[in-house]
Amino acid sequence: MTQAAPAGPARRTGARAGAPPRVTPATDRLQRLLALVPYVVTRKAVGLADTAAAFGVSERELVDDLNMLWCVEIRSPDPYCPIDLSYEGGEIVVSEAESIDRPLRLGVDEASALLVALRMLAEVSSLTIAKLEAAAGEAAAVSAQVAVQVDDRGVGGSAAQVRDALDRGRRLHLSYYVPGRDEATERDVDPMRLLVVEGRTYLEGWCLSAEAVRLFRLDRVLDLAVLDEPASVPPQARPRDVDQGLFRPSPGDAAVELELSAAGRWVAEYYPCEHAEELGDGRLRVGLRTPDTRLIRRLALRLGEDGRVISPPELAAQVRDDAEAALAQYT
């Protein structure tokens, strides 16, 4: 066995000087140390800077953790078997740590939280968590005492029909409300998946009328029918990446600022806003982007005194012209 080198000044020269380490609770540091060994061992060798970033600590704090590991000894099977490690040259290598080189098992509270979240997800998908429940053991029993009910805002029936279409590979017919045009549309859709994003349930599928992948909010589905015709998603259809949310403005989209009264705050919940600023008395200033300013013009007319366009000024002028033209119809 290679004898572990002492934690002396010569071994510290491989780390960059940094700010003094933060004072962290002993339990937090212990958890980090127990996770650090399997993290390094499973990767054979890792960089000092990359590891510090992965654990959310400074390189100085990581070096102190590594020096602490030199004090750990494994008493079985040998009477004395210290962990051997090196971080010279900015690369960490750990050996002789077989007894703690496996990831930690989830605690009861951690496993329970995970199972409750998965049961919530299972309410809107066909997710099966039986294997995880079996592996969790007593944690599964604890989490089973928590009743999970998803507030689906009336989309439960539609979600069940979508799941049925997905399971049987059938096409769907939708009557769907499009707020940007304030109209109901009829379309056939080959379903691809059912997902929850930012607290709302969506159907993702190949829209035959648009000949493209589209996302449909289930609370905007006015009517839905599962057709006998088999679904036929084309090979070029790709699921949309929703990890960073649904809103993906393009460089050509117009930036719009709106000021909303307390009665007009619903806009911030209904439309994807880039930012929102409280103005007092319930008023809100929001910024959003749109590829078609006609949508904002219709929205401004709908809001009336509960909202106004701040910028761009030319759009505000167009809204005034639209309002004057509408009033002229009454005279």
# chains A, B, ... in the order shown; residues from 1 in each chain; ligands from 1
>>> residues_around(residues="Arg168 in chain A", least_positions_apart="5", cutoff="10 Å", atoms="only C-alpha atoms", output="list in words")
Val162, Arg163, Val226, Asp228, Pro230 and Ala231 of chain A
>>> write_last_selection(atoms="all heavy atoms", output="mmCIF file, in the first residue's frame")
data_model
loop_
_atom_site.group_PDB
_atom_site.id
_atom_site.type_symbol
_atom_site.label_atom_id
_atom_site.label_comp_id
_atom_site.auth_asym_id
_atom_site.auth_seq_id
_atom_site.Cartn_x
_atom_site.Cartn_y
_atom_site.Cartn_z
ATOM 1 N N VAL A 162 -55.564 11.967 -23.223
ATOM 2 C CA VAL A 162 -54.258 12.031 -23.877
ATOM 3 C C VAL A 162 -53.437 10.793 -23.528
ATOM 4 O O VAL A 162 -52.782 10.204 -24.398
ATOM 5 C CB VAL A 162 -53.514 13.320 -23.473
ATOM 6 C CG1 VAL A 162 -52.078 13.291 -23.992
ATOM 7 C CG2 VAL A 162 -54.237 14.546 -24.019
ATOM 8 N N ARG A 163 -53.459 10.391 -22.252
ATOM 9 C CA ARG A 163 -52.725 9.186 -21.862
ATOM 10 C C ARG A 163 -53.256 7.960 -22.603
ATOM 11 O O ARG A 163 -52.481 7.093 -23.029
ATOM 12 C CB ARG A 163 -52.827 8.978 -20.355
ATOM 13 C CG ARG A 163 -51.944 9.900 -19.541
ATOM 14 C CD ARG A 163 -51.782 9.403 -18.123
ATOM 15 N NE ARG A 163 -53.054 9.417 -17.402
ATOM 16 C CZ ARG A 163 -53.484 10.436 -16.687
ATOM 17 N NH1 ARG A 163 -52.748 11.528 -16.599
ATOM 18 N NH2 ARG A 163 -54.630 10.384 -16.056
ATOM 19 N N VAL A 226 -60.425 11.180 -28.958
ATOM 20 C CA VAL A 226 -59.444 10.189 -29.401
ATOM 21 C C VAL A 226 -59.999 9.520 -30.654
ATOM 22 O O VAL A 226 -61.090 8.941 -30.629
ATOM 23 C CB VAL A 226 -59.182 9.141 -28.308
ATOM 24 C CG1 VAL A 226 -58.135 8.132 -28.790
ATOM 25 C CG2 VAL A 226 -58.708 9.805 -27.019
ATOM 26 N N ASP A 228 -59.964 6.945 -34.102
ATOM 27 C CA ASP A 228 -59.579 5.562 -34.398
ATOM 28 C C ASP A 228 -58.329 5.497 -35.266
ATOM 29 O O ASP A 228 -57.671 4.459 -35.333
ATOM 30 C CB ASP A 228 -60.730 4.834 -35.106
ATOM 31 C CG ASP A 228 -61.917 4.615 -34.173
ATOM 32 O OD1 ASP A 228 -61.694 4.523 -32.949
ATOM 33 O OD2 ASP A 228 -63.059 4.565 -34.664
ATOM 34 N N PRO A 230 -54.619 5.692 -36.440
ATOM 35 C CA PRO A 230 -53.346 5.574 -35.728
ATOM 36 C C PRO A 230 -52.528 6.864 -35.827
ATOM 37 O O PRO A 230 -52.543 7.543 -36.859
ATOM 38 C CB PRO A 230 -52.629 4.410 -36.436
ATOM 39 C CG PRO A 230 -53.706 3.667 -37.147
ATOM 40 C CD PRO A 230 -54.745 4.684 -37.520
ATOM 41 N N ALA A 231 -51.823 7.184 -34.753
ATOM 42 C CA ALA A 231 -50.922 8.333 -34.780
ATOM 43 C C ALA A 231 -49.703 7.991 -35.628
ATOM 44 O O ALA A 231 -49.250 6.853 -35.663
ATOM 45 C CB ALA A 231 -50.488 8.692 -33.361
#
>>> select_by_dssp(residues="range 147-315 of chain A", states="strand (DSSP E)", output="ChimeraX atom specification")
/A:170-178,183-197,200-207,212-217,221-230,254-260,275-280,283-290,307-311
>>> atom_distance(atom1="CA of Gly280 in chain A", atom2="CA of Asp306 in chain A")
14.5 Å
>>> closest_residue(among="A:Glu305, A:Glu269, A:Glu88, A:Glu259", to="Leu284 in chain A", atoms="only C-alpha atoms")
A:Glu259
>>> atom_distance(atom1="CA of Arg170 in chain A", atom2="CA of Glu183 in chain A")
26.0 Å
>>> residues_around(residues="Val256 in chain A", least_positions_apart="3", cutoff="10 Å", atoms="only C-alpha atoms", output="PDB file with N, CA, C and O atoms, in the first residue's frame")
ATOM      1  N   ASP A 253     -37.658  39.289 -32.060  1.00  0.00           N
ATOM      2  CA  ASP A 253     -38.882  39.624 -31.336  1.00  0.00           C
ATOM      3  C   ASP A 253     -38.822  41.043 -30.786  1.00  0.00           C
ATOM      4  O   ASP A 253     -37.757  41.523 -30.372  1.00  0.00           O
ATOM      5  N   CYS A 273     -43.457  36.552 -19.308  1.00  0.00           N
ATOM      6  CA  CYS A 273     -42.817  37.850 -19.117  1.00  0.00           C
ATOM      7  C   CYS A 273     -41.343  37.653 -18.761  1.00  0.00           C
ATOM      8  O   CYS A 273     -40.992  36.748 -18.013  1.00  0.00           O
ATOM      9  N   GLU A 274     -40.502  38.523 -19.307  1.00  0.00           N
ATOM     10  CA  GLU A 274     -39.074  38.463 -18.996  1.00  0.00           C
ATOM     11  C   GLU A 274     -38.774  39.028 -17.626  1.00  0.00           C
ATOM     12  O   GLU A 274     -37.853  38.580 -16.952  1.00  0.00           O
ATOM     13  N   VAL A 286     -44.335  45.153 -16.496  1.00  0.00           N
ATOM     14  CA  VAL A 286     -43.795  43.905 -17.013  1.00  0.00           C
ATOM     15  C   VAL A 286     -43.142  44.138 -18.364  1.00  0.00           C
ATOM     16  O   VAL A 286     -43.490  45.075 -19.099  1.00  0.00           O
ATOM     17  N   GLY A 287     -42.193  43.275 -18.667  1.00  0.00           N
ATOM     18  CA  GLY A 287     -41.541  43.293 -19.973  1.00  0.00           C
ATOM     19  C   GLY A 287     -41.700  41.940 -20.630  1.00  0.00           C
ATOM     20  O   GLY A 287     -41.537  40.901 -19.986  1.00  0.00           O
ATOM     21  N   LEU A 288     -42.045  41.939 -21.881  1.00  0.00           N
ATOM     22  CA  LEU A 288     -42.182  40.691 -22.622  1.00  0.00           C
ATOM     23  C   LEU A 288     -41.734  40.894 -24.055  1.00  0.00           C
ATOM     24  O   LEU A 288     -41.535  42.027 -24.509  1.00  0.00           O
ATOM     25  N   ARG A 289     -41.568  39.797 -24.756  1.00  0.00           N
ATOM     26  CA  ARG A 289     -41.184  39.846 -26.170  1.00  0.00           C
ATOM     27  C   ARG A 289     -42.230  39.140 -27.007  1.00  0.00           C
ATOM     28  O   ARG A 289     -42.834  38.159 -26.563  1.00  0.00           O
ATOM     29  N   THR A 290     -42.427  39.633 -28.211  1.00  0.00           N
ATOM     30  CA  THR A 290     -43.425  39.041 -29.088  1.00  0.00           C
ATOM     31  C   THR A 290     -42.961  39.135 -30.542  1.00  0.00           C
ATOM     32  O   THR A 290     -42.378  40.153 -30.943  1.00  0.00           O
ATOM     33  N   THR A 293     -46.540  42.226 -32.949  1.00  0.00           N
ATOM     34  CA  THR A 293     -47.070  43.264 -32.054  1.00  0.00           C
ATOM     35  C   THR A 293     -48.580  43.407 -32.146  1.00  0.00           C
ATOM     36  O   THR A 293     -49.190  44.069 -31.302  1.00  0.00           O
ATOM     37  N   ILE A 296     -50.104  42.344 -28.946  1.00  0.00           N
ATOM     38  CA  ILE A 296     -50.064  43.334 -27.873  1.00  0.00           C
ATOM     39  C   ILE A 296     -51.122  44.412 -28.103  1.00  0.00           C
ATOM     40  O   ILE A 296     -51.735  44.894 -27.145  1.00  0.00           O
ATOM     41  N   VAL A 309     -49.442  50.492 -22.837  1.00  0.00           N
ATOM     42  CA  VAL A 309     -48.129  50.220 -23.409  1.00  0.00           C
ATOM     43  C   VAL A 309     -47.206  51.391 -23.087  1.00  0.00           C
ATOM     44  O   VAL A 309     -47.519  52.547 -23.385  1.00  0.00           O
ATOM     45  N   ILE A 310     -46.054  51.093 -22.495  1.00  0.00           N
ATOM     46  CA  ILE A 310     -45.071  52.114 -22.159  1.00  0.00           C
ATOM     47  C   ILE A 310     -44.059  52.271 -23.287  1.00  0.00           C
ATOM     48  O   ILE A 310     -43.674  53.367 -23.673  1.00  0.00           O
ATOM     49  N   SER A 311     -43.614  51.138 -23.806  1.00  0.00           N
ATOM     50  CA  SER A 311     -42.650  51.156 -24.903  1.00  0.00           C
ATOM     51  C   SER A 311     -42.806  49.887 -25.713  1.00  0.00           C
ATOM     52  O   SER A 311     -43.315  48.875 -25.211  1.00  0.00           O
ATOM     53  N   PRO A 312     -42.404  49.943 -26.992  1.00  0.00           N
ATOM     54  CA  PRO A 312     -41.817  51.081 -27.709  1.00  0.00           C
ATOM     55  C   PRO A 312     -42.876  52.147 -28.002  1.00  0.00           C
ATOM     56  O   PRO A 312     -44.068  51.841 -28.101  1.00  0.00           O
ATOM     57  N   PRO A 313     -42.470  53.413 -28.145  1.00  0.00           N
ATOM     58  CA  PRO A 313     -43.441  54.507 -28.334  1.00  0.00           C
ATOM     59  C   PRO A 313     -44.284  54.351 -29.590  1.00  0.00           C
ATOM     60  O   PRO A 313     -45.464  54.732 -29.595  1.00  0.00           O
ATOM     61  N   LEU A 315     -45.424  51.618 -30.820  1.00  0.00           N
ATOM     62  CA  LEU A 315     -46.493  50.658 -30.537  1.00  0.00           C
ATOM     63  C   LEU A 315     -47.571  51.319 -29.693  1.00  0.00           C
ATOM     64  O   LEU A 315     -48.770  51.095 -29.920  1.00  0.00           O
ATOM     65  N   ALA A 316     -47.167  52.159 -28.740  1.00  0.00           N
ATOM     66  CA  ALA A 316     -48.143  52.894 -27.936  1.00  0.00           C
ATOM     67  C   ALA A 316     -48.999  53.796 -28.815  1.00  0.00           C
ATOM     68  O   ALA A 316     -50.219  53.909 -28.618  1.00  0.00           O
TER      69      ALA A 316
END
>>> atom_distance(atom1="CA of Arg285 in chain A", atom2="CA of Glu257 in chain A")
7.0 Å
>>> closest_residue(among="A:Arg200, A:Asp281, A:Pro291, A:Ser261", to="Asp219 in chain A", atoms="only C-alpha atoms")
A:Arg200
>>> residues_around(residues="Glu204 in chain A", least_positions_apart="4", cutoff="12 Å", atoms="only C-alpha atoms", output="list in words")
Ala159, Val162, Arg163, Leu166, Leu172, Val189, Asp190, Pro191, Met192, Arg193, Leu194, Leu195, Val196, Val197, Ala212, Val213, Arg214, Leu215, Phe216, Arg217, Leu218, Val233, Ala237, Arg238, Pro239, Arg240, Asp241, Val242 and Leu246 of chain A
>>> write_last_selection(atoms="N, CA and C atoms", output="CSV table (one decimal), in the first residue's frame")
chain,number,residue,atom,x,y,z
A,159,ALA,N,-56.3,15.1,-19.7
A,159,ALA,CA,-55.1,14.3,-19.5
A,159,ALA,C,-55.3,12.8,-19.6
A,162,VAL,N,-55.6,12.0,-23.2
A,162,VAL,CA,-54.3,12.0,-23.9
A,162,VAL,C,-53.4,10.8,-23.5
A,163,ARG,N,-53.5,10.4,-22.3
A,163,ARG,CA,-52.7,9.2,-21.9
A,163,ARG,C,-53.3,8.0,-22.6
A,166,LEU,N,-51.9,8.1,-26.1
A,166,LEU,CA,-50.5,7.7,-26.1
A,166,LEU,C,-50.3,6.2,-26.0
A,172,LEU,N,-55.4,12.4,-32.1
A,172,LEU,CA,-56.3,13.2,-31.3
A,172,LEU,C,-56.9,14.4,-32.2
A,189,VAL,N,-53.9,16.1,-34.1
A,189,VAL,CA,-52.6,16.1,-33.5
A,189,VAL,C,-52.2,14.6,-33.2
A,190,ASP,N,-51.0,14.3,-33.6
A,190,ASP,CA,-50.4,13.0,-33.2
A,190,ASP,C,-49.6,13.2,-32.0
A,191,PRO,N,-50.1,12.6,-30.8
A,191,PRO,CA,-49.5,12.9,-29.5
A,191,PRO,C,-48.1,12.3,-29.4
A,192,MET,N,-47.2,13.0,-28.7
A,192,MET,CA,-45.8,12.6,-28.5
A,192,MET,C,-45.6,12.3,-27.0
A,193,ARG,N,-46.0,13.2,-26.2
A,193,ARG,CA,-45.9,13.1,-24.7
A,193,ARG,C,-46.8,14.1,-24.0
A,194,LEU,N,-47.0,13.7,-22.7
A,194,LEU,CA,-47.7,14.6,-21.8
A,194,LEU,C,-46.7,15.1,-20.7
A,195,LEU,N,-46.6,16.4,-20.5
A,195,LEU,CA,-45.6,16.9,-19.6
A,195,LEU,C,-46.1,18.0,-18.8
A,196,VAL,N,-45.5,18.3,-17.6
A,196,VAL,CA,-45.8,19.4,-16.8
A,196,VAL,C,-44.6,20.4,-16.8
A,197,VAL,N,-44.9,21.6,-17.1
A,197,VAL,CA,-43.9,22.7,-17.2
A,197,VAL,C,-44.4,23.9,-16.4
A,212,ALA,N,-45.8,20.7,-37.8
A,212,ALA,CA,-44.7,21.0,-36.9
A,212,ALA,C,-45.1,20.5,-35.5
A,213,VAL,N,-44.0,20.4,-34.7
A,213,VAL,CA,-44.3,20.0,-33.3
A,213,VAL,C,-44.8,21.2,-32.5
A,214,ARG,N,-45.9,21.0,-31.8
A,214,ARG,CA,-46.5,22.1,-31.0
A,214,ARG,C,-46.8,21.6,-29.6
A,215,LEU,N,-46.9,22.6,-28.7
A,215,LEU,CA,-47.3,22.4,-27.3
A,215,LEU,C,-48.7,22.9,-27.1
A,216,PHE,N,-49.6,22.2,-26.5
A,216,PHE,CA,-50.9,22.6,-26.2
A,216,PHE,C,-51.2,22.6,-24.7
A,217,ARG,N,-51.5,23.7,-24.2
A,217,ARG,CA,-51.9,23.8,-22.8
A,217,ARG,C,-53.3,23.1,-22.6
A,218,LEU,N,-53.4,22.1,-21.7
A,218,LEU,CA,-54.6,21.4,-21.6
A,218,LEU,C,-55.7,22.2,-21.0
A,233,VAL,N,-46.3,10.0,-36.0
A,233,VAL,CA,-45.4,11.1,-35.8
A,233,VAL,C,-44.2,10.9,-36.8
A,237,ALA,N,-39.8,14.9,-36.3
A,237,ALA,CA,-40.3,15.5,-35.1
A,237,ALA,C,-39.4,15.3,-33.9
A,238,ARG,N,-39.1,16.3,-33.3
A,238,ARG,CA,-38.2,16.2,-32.1
A,238,ARG,C,-38.9,16.9,-30.9
A,239,PRO,N,-38.8,16.2,-29.7
A,239,PRO,CA,-39.4,16.9,-28.5
A,239,PRO,C,-38.7,18.2,-28.2
A,240,ARG,N,-39.5,19.1,-27.7
A,240,ARG,CA,-38.9,20.4,-27.4
A,240,ARG,C,-38.2,20.4,-26.1
A,241,ASP,N,-37.1,21.1,-26.0
A,241,ASP,CA,-36.3,21.2,-24.7
A,241,ASP,C,-37.0,22.2,-23.8
A,242,VAL,N,-37.6,21.7,-22.7
A,242,VAL,CA,-38.3,22.6,-21.8
A,242,VAL,C,-37.6,22.7,-20.5
A,246,LEU,N,-40.5,27.4,-21.1
A,246,LEU,CA,-41.1,27.3,-22.4
A,246,LEU,C,-40.8,28.6,-23.3
>>> closest_residue(among="A:Ala52, A:Ala225, A:Ala210, A:Leu33", to="Leu174 in chain A", atoms="only C-alpha atoms")
A:Ala225
